[in-house]
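Below is one structure, written out as structure tokens, with a few remarks after it.
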Amino acid sequence: MNINEIVVISGKGGTGKTTLTASLIPYLEDLIIADCDVDAPDLNILLDPKIRSTHRFVGLKKAVIDKEKCIKCGLCERHCKFSAISKDIILAQSKCEGCGVCEFVCPTDAISMVDAVVGDLYESDTAFGDFVHAKLIPGEETSGKLVAEVRKKAKALALLNNKKNIVVDGSPGIACNVISSLTGASQVIIVTESTFSGLHDLKRVYELTKKLNLKAQVVINKFDLSPHHSEMIEKYCSENNIVVGLKIPFTKKIVRSIVSKTIPSVGEKEFFEEIGFFKFIDSLK
Ligand code: SF4
Ligand code: SF4
């Protein structure tokens, strides 16, 4: 079965990526929802999920020191390139990158590498379908692996329940967690805003989608706040054959919907009709 996996991303946080993702959800049938913004997940605020299962997520193996066996030779501290071990041989787990060098150099086998829980992955029910989401423990570094796990789980649920669409709230930026959000997606929506940095970040993230051979279109949020920058974004898109699928004006209507925890396209249907939102939805099916 072909699954239509739509991933919504942005070159940076705060552009309206999650608001747009939430707005798509009520209008795509046969849907599994996934939140891959595992460092700062917030799609759950608008979806009000009922968690039905929680899975502990093990990322890297991390070093543990057995104090009974340690002779305080200091070799581990000298060899750790991540400064995870102090002079008095105390290990800061949050700094450990799991390279295993300390275990290798320890003359008394005092160090072992053990599985470390770095976050939780949830499967939940929402009014719009199954929702897979996760939360990385603050300070942990393996968000790319957790993102891949969220997408894997969402795909398995889609296959199991014969769902043809997956909507993914992707991670912002261009780091490995974003690559994890994007690889193999059916289509990508890049949300940007009408500022100079919006254009700069759009260019970076679009180049990434190009390298990954993905079909991408652009949504310009709050386009009327700076018509000049909006024009620059549209010019860039036109020169690169990128479709601008939707332009959303700045309006308090959307802010009001979010504050009242209502999905904006549901709370302000007429406004969304006026800006061509439902035509945009049709283009995603
Ligand atoms: S596993 Fe690597 S990063 Fe972690 S404490 Fe040992 S040497 Fe440092
Ligand atoms: S290398 Fe092993 S024995 Fe030496 S200080 Fe580190 S833990 Fe202790």
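Every chain in the structure tokens takes a letter, A first, then B, and so on in the order presented; its residues are numbered from 1, and the ligands are numbered from 1 following the presented order.
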* What residues in region 31-95 of chain A get the DSSP label strand (DSSP E)? Please answer as number ranges by chain. -> A: 31-35, 50-65
At a cut-off of 7 Å, can you tabulate as JSON lines every residue of chain A near ligand 2 together with its closest atom pair and the distance in Å to one decimal, using only C-alpha atoms and all ligand atoms and ordering rows by chain then number?
```
{"residue": "A:Ile65", "atom": "CA", "partner": "ligand 2", "partner_atom_place_in_ligand_line": "7 (S)", "distance": 5.7}
{"residue": "A:Lys69", "atom": "CA", "partner": "ligand 2", "partner_atom_place_in_ligand_line": "3 (S)", "distance": 6.7}
{"residue": "A:Cys70", "atom": "CA", "partner": "ligand 2", "partner_atom_place_in_ligand_line": "8 (Fe)", "distance": 3.7}
{"residue": "A:Ile71", "atom": "CA", "partner": "ligand 2", "partner_atom_place_in_ligand_line": "3 (S)", "distance": 4.4}
{"residue": "A:Lys72", "atom": "CA", "partner": "ligand 2", "partner_atom_place_in_ligand_line": "5 (S)", "distance": 3.7}
{"residue": "A:Cys73", "atom": "CA", "partner": "ligand 2", "partner_atom_place_in_ligand_line": "4 (Fe)", "distance": 4.0}
{"residue": "A:Gly74", "atom": "CA", "partner": "ligand 2", "partner_atom_place_in_ligand_line": "5 (S)", "distance": 4.0}
{"residue": "A:Leu75", "atom": "CA", "partner": "ligand 2", "partner_atom_place_in_ligand_line": "1 (S)", "distance": 4.4}
{"residue": "A:Cys76", "atom": "CA", "partner": "ligand 2", "partner_atom_place_in_ligand_line": "1 (S)", "distance": 4.2}
{"residue": "A:Glu77", "atom": "CA", "partner": "ligand 2", "partner_atom_place_in_ligand_line": "6 (Fe)", "distance": 6.4}
{"residue": "A:Ile89", "atom": "CA", "partner": "ligand 2", "partner_atom_place_in_ligand_line": "5 (S)", "distance": 5.9}
{"residue": "A:Cys102", "atom": "CA", "partner": "ligand 2", "partner_atom_place_in_ligand_line": "1 (S)", "distance": 6.3}
{"residue": "A:Val105", "atom": "CA", "partner": "ligand 2", "partner_atom_place_in_ligand_line": "1 (S)", "distance": 6.1}
{"residue": "A:Cys106", "atom": "CA", "partner": "ligand 2", "partner_atom_place_in_ligand_line": "1 (S)", "distance": 3.7}
{"residue": "A:Pro107", "atom": "CA", "partner": "ligand 2", "partner_atom_place_in_ligand_line": "2 (Fe)", "distance": 5.9}
{"residue": "A:Thr108", "atom": "CA", "partner": "ligand 2", "partner_atom_place_in_ligand_line": "3 (S)", "distance": 5.4}
{"residue": "A:Asp109", "atom": "CA", "partner": "ligand 2", "partner_atom_place_in_ligand_line": "2 (Fe)", "distance": 6.5}
{"residue": "A:Ala110", "atom": "CA", "partner": "ligand 2", "partner_atom_place_in_ligand_line": "7 (S)", "distance": 5.1}
{"residue": "A:Ile111", "atom": "CA", "partner": "ligand 2", "partner_atom_place_in_ligand_line": "7 (S)", "distance": 5.7}
```
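Environment of ligand 1, defined as every protein or nucleic acid residue with an atom within 6 Å of it and counting only C-alpha atoms and all ligand atoms, comprises Lys62, Ala63, Cys80, Phe82, Ala84, Ile85, Cys96, Glu97, Gly98, Cys99, Gly100, Val101 and Cys102 of chain A.
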Would you save the residues of that selection, restricted to N, CA and C atoms, as a compact mmCIF listing (two decimals), in the first residue's frame?
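Output file result.txt follows:
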```txt
# COMPACT_ATOMS: atom_id res chain seq x y z
N LYS A 62 25.79 4.31 27.52
CA LYS A 62 26.61 5.30 28.22
C LYS A 62 27.49 4.62 29.26
N ALA A 63 28.58 5.31 29.62
CA ALA A 63 29.54 4.71 30.56
C ALA A 63 29.03 4.77 32.00
N CYS A 80 38.87 11.00 27.87
CA CYS A 80 37.51 11.37 27.48
C CYS A 80 37.54 12.73 26.76
N PHE A 82 35.08 14.35 25.68
CA PHE A 82 33.85 15.12 25.89
C PHE A 82 33.76 15.70 27.30
N ALA A 84 33.46 14.35 30.08
CA ALA A 84 32.35 13.78 30.86
C ALA A 84 32.81 13.25 32.21
N ILE A 85 34.15 13.10 32.37
CA ILE A 85 34.67 12.55 33.63
C ILE A 85 35.54 13.61 34.30
N CYS A 96 28.19 12.33 28.49
CA CYS A 96 28.76 11.12 27.87
C CYS A 96 28.16 10.91 26.49
N GLU A 97 29.04 10.76 25.48
CA GLU A 97 28.59 10.55 24.09
C GLU A 97 28.64 9.08 23.71
N GLY A 98 28.99 8.24 24.68
CA GLY A 98 28.93 6.79 24.42
C GLY A 98 30.03 6.25 23.53
N CYS A 99 31.17 6.94 23.43
CA CYS A 99 32.22 6.49 22.50
C CYS A 99 32.92 5.21 22.99
N GLY A 100 32.91 4.95 24.28
CA GLY A 100 33.48 3.70 24.80
C GLY A 100 34.98 3.74 25.05
N VAL A 101 35.63 4.91 24.83
CA VAL A 101 37.09 5.00 25.00
C VAL A 101 37.49 4.73 26.45
N CYS A 102 36.73 5.26 27.40
CA CYS A 102 37.08 5.07 28.81
C CYS A 102 37.05 3.59 29.19
```
Q) Which polymer residues have any atom within 8 Å of an atom of Glu193 (chain A), counting only C-alpha atoms, with same-chain residues fewer than 5 positions away left out, as a list in words? A)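 Returned residues: Thr15, Gly198, Leu199, Ile220, Asn221, Lys222, Phe223 and Ser230 of chain A.
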Generate a file of the selected residues that holds C-alpha atoms, formatted as a tab-separated table (two decimals), in the first residue's frame.
```tsv
chain	number	residue	atom	x	y	z
A	15	THR	CA	7.44	30.16	11.95
A	198	GLY	CA	12.93	33.52	6.88
A	199	LEU	CA	14.37	33.63	3.35
A	220	ILE	CA	4.59	31.86	3.61
A	221	ASN	CA	3.16	32.68	7.01
A	222	LYS	CA	2.30	36.27	8.00
A	223	PHE	CA	3.24	37.28	4.44
A	230	SER	CA	7.51	38.11	0.82
```
For region 135-202 of chain A versus region 240-258 of chain A, which residues have an atom no more than 10 Å away, and what is each residue's nearest atom pair and distance in Å rounded to one decimal, using only C-alpha atoms, chain-then-number order, as a Markdown table?
```
| residue | atom | partner | partner_atom | distance |
| --- | --- | --- | --- | --- |
| A:Ile189 | CA | A:Gly245 | CA | 8.6 |
| A:Ile190 | CA | A:Val244 | CA | 9.4 |
| A:Val191 | CA | A:Leu246 | CA | 9.5 |
| A:Thr192 | CA | A:Lys247 | CA | 9.8 |
| A:Glu193 | CA | A:Ile248 | CA | 9.4 |
```
Take the selection from the previous step and output its residues with C-alpha atoms, as an mmCIF file, in the first residue's frame.
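What landed in again.cif:
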```
data_model
loop_
_atom_site.group_PDB
_atom_site.id
_atom_site.type_symbol
_atom_site.label_atom_id
_atom_site.label_comp_id
_atom_site.auth_asym_id
_atom_site.auth_seq_id
_atom_site.Cartn_x
_atom_site.Cartn_y
_atom_site.Cartn_z
ATOM 1 C CA ILE A 189 5.807 21.553 3.158
ATOM 2 C CA ILE A 190 8.338 24.222 4.134
ATOM 3 C CA VAL A 191 6.840 26.936 6.337
ATOM 4 C CA THR A 192 8.611 30.271 6.269
ATOM 5 C CA GLU A 193 7.833 33.831 7.284
#
```
Please build the interface table for region 160-255 of chain A against region 112-130 of chain A with a cut-off of 12 Å, listing for each qualifying residue the nearest atom pair and the distance in Å to one decimal; count only C-alpha atoms, order rows by chain and increasing number, and write it as a tab-separated table.
```
residue	atom	partner	partner_atom	distance
A:Leu160	CA	A:Asp130	CA	11.7
A:Asn161	CA	A:Asp130	CA	9.9
A:Lys163	CA	A:Gly129	CA	9.8
A:Asn165	CA	A:Gly129	CA	10.8
A:Ile166	CA	A:Asp130	CA	9.9
A:Val167	CA	A:Gly129	CA	10.9
```
